[in-house]
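Here's the structure we're looking at; comments come further down.
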Amino acid sequence: MNYYRVAAKCGHVRRGHYINKDFFVKAEDGKEAARKVRHLPRVKHDWKDAIISVELITREEFIHGCKSHNHDLYFQVTNSSEQKLYGAIDYEQVLDYEEPERKKKDKNDMFYNKLARIQQKDLKIRLAEVV
């Protein structure tokens with residue numbers, strides 16, 4: 001087993017915003033560590049880029065990190081109301097989520113060719129009815 005520090009984007013800090021937090025995990029490899037953290041509470045599950053980095057660490061760093069994680073007020077409160085009440089978040093650390101630009105899906109030439117053929121058939125049927 002190896003020890004990993006996984007930086008992830010966490011939520012409950014307003015819609016469209018996130019805060020970076022470190023998680024300390026024991027896993028066989030980095031992919032497994034990232035998968036474990038992705039399914040932990042407070043991590044943005046539905047964001048593709050929720051995991052920022054995965055870093056291999058020593059056992060001493062792991063133990064120290066687990067202690068600091070347990071003392072972090074953000075992870076001790078159970079909901080966003082308690083979070084606001086106890087001031088668990090430094091709102092200067094809260095970041096905006098910049099959604100990547102979506103590519104515009106243009107209709108290709110095949111679509112227009114097929115549309116033209118359908119219109120020609122329809123026109124022929126209408127002319128045949130009139131004549």
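Letters for chains follow the order of the structure tokens (A, B, ...), residue numbers begin at 1 for each chain, and ligand numbers begin at 1 in the order shown.
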
*Which residues in stretch 53-91 of chain A does DSSP call helix (DSSP H, G or I)? List them as a PyMOL selection string.*
chain A and resi 59-71+73-76+80-86

- Message: With only C-alpha atoms as the counted atoms, please give the residues lying no more than 12 Å from A:Lys31, apart from itself and same-chain residues fewer than 3 positions off, as a PyMOL selection string.
- Response: chain A and resi 2+4+6+25-28+34-38+51+53-56

Quiz item: Running DSSP on the backbone, which parts of stretch 22-114 of chain A land in strand (DSSP E or B), as an MDAnalysis selection string?
Solution: chainID A and resid 22:27 43 51:57 95:96

Can I get the selected residues back with C-alpha atoms, as an mmCIF file, in the first residue's frame?
data_model
loop_
_atom_site.group_PDB
_atom_site.id
_atom_site.type_symbol
_atom_site.label_atom_id
_atom_site.label_comp_id
_atom_site.auth_asym_id
_atom_site.auth_seq_id
_atom_site.Cartn_x
_atom_site.Cartn_y
_atom_site.Cartn_z
ATOM 1 C CA ASP A 22 -6.395 17.928 0.319
ATOM 2 C CA PHE A 23 -7.385 14.357 1.157
ATOM 3 C CA PHE A 24 -4.995 11.692 2.420
ATOM 4 C CA VAL A 25 -5.607 8.145 1.198
ATOM 5 C CA LYS A 26 -3.997 4.701 1.235
ATOM 6 C CA ALA A 27 -4.212 2.988 -2.167
ATOM 7 C CA VAL A 43 -16.188 16.460 -3.305
ATOM 8 C CA ILE A 51 -9.585 15.836 -8.947
ATOM 9 C CA ILE A 52 -6.819 18.430 -9.266
ATOM 10 C CA SER A 53 -3.732 16.349 -8.460
ATOM 11 C CA VAL A 54 -2.568 13.045 -6.998
ATOM 12 C CA GLU A 55 0.805 12.974 -5.235
ATOM 13 C CA LEU A 56 2.707 10.066 -3.671
ATOM 14 C CA ILE A 57 3.776 10.904 -0.081
ATOM 15 C CA LEU A 95 -12.982 30.028 -6.410
ATOM 16 C CA ASP A 96 -15.332 30.453 -9.379
#

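Between A:Arg42 and the residues A:Asp29, A:Gly87, A:Lys21, A:Arg126, the shortest atom-to-atom distance, using only C-alpha atoms, involves A:Lys21.
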
message = Would you pick out the contacts of A:Ala50 at 9 Å or less, using only C-alpha atoms, so that residues sharing its chain but fewer than 6 positions from it are not included, and give the list as a VMD selection string?
response = chain A and resid 7 to 10 38 43 to 44

Could you save the residues just selected, with all heavy atoms, as a short mmCIF file (atom, residue, chain, number, x, y, z; two decimals), in the first residue's frame?
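Printed below is result37.cif as written:
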data_model
loop_
_atom_site.label_atom_id
_atom_site.label_comp_id
_atom_site.auth_asym_id
_atom_site.auth_seq_id
_atom_site.Cartn_x
_atom_site.Cartn_y
_atom_site.Cartn_z
N ALA A 7 -5.55 16.30 -4.14
CA ALA A 7 -6.19 17.63 -4.10
C ALA A 7 -7.47 17.55 -4.92
O ALA A 7 -7.46 17.07 -6.05
CB ALA A 7 -5.26 18.68 -4.66
N ALA A 8 -8.57 17.99 -4.32
CA ALA A 8 -9.87 17.88 -4.98
C ALA A 8 -10.67 19.18 -4.80
O ALA A 8 -10.42 19.96 -3.89
CB ALA A 8 -10.65 16.72 -4.41
N LYS A 9 -11.63 19.36 -5.70
CA LYS A 9 -12.54 20.50 -5.62
C LYS A 9 -13.73 20.09 -4.76
O LYS A 9 -14.40 19.11 -5.06
CB LYS A 9 -13.00 20.91 -7.02
CG LYS A 9 -11.87 21.42 -7.88
CD LYS A 9 -12.35 21.79 -9.26
CE LYS A 9 -11.19 22.29 -10.10
NZ LYS A 9 -11.61 22.63 -11.46
N CYS A 10 -13.96 20.84 -3.70
CA CYS A 10 -15.05 20.53 -2.78
C CYS A 10 -16.16 21.56 -2.87
O CYS A 10 -15.93 22.70 -3.29
CB CYS A 10 -14.51 20.48 -1.35
SG CYS A 10 -13.34 19.17 -1.09
N ARG A 38 -12.88 10.80 -5.12
CA ARG A 38 -14.00 11.32 -5.91
C ARG A 38 -15.34 10.95 -5.30
O ARG A 38 -16.32 11.68 -5.42
CB ARG A 38 -13.91 10.79 -7.34
CG ARG A 38 -14.92 11.42 -8.25
CD ARG A 38 -14.70 10.96 -9.67
NE ARG A 38 -15.52 11.72 -10.58
CZ ARG A 38 -15.18 12.87 -11.12
NH1 ARG A 38 -14.01 13.39 -10.84
NH2 ARG A 38 -15.99 13.50 -11.93
N VAL A 43 -16.91 16.32 -2.03
CA VAL A 43 -16.19 16.46 -3.31
C VAL A 43 -17.22 16.62 -4.42
O VAL A 43 -18.26 16.00 -4.40
CB VAL A 43 -15.30 15.22 -3.57
CG1 VAL A 43 -14.65 15.30 -4.94
CG2 VAL A 43 -14.24 15.11 -2.50
N LYS A 44 -16.91 17.49 -5.38
CA LYS A 44 -17.80 17.71 -6.51
C LYS A 44 -17.84 16.46 -7.37
O LYS A 44 -16.97 16.23 -8.20
CB LYS A 44 -17.32 18.91 -7.34
CG LYS A 44 -17.36 20.23 -6.62
CD LYS A 44 -18.78 20.73 -6.55
CE LYS A 44 -18.82 22.18 -6.11
NZ LYS A 44 -20.15 22.71 -6.11
#

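Considering only C-alpha atoms, the residue among A:Ile125, A:Met1, A:Ile118, A:Val13 positioned nearest to A:Tyr97 is A:Val13.
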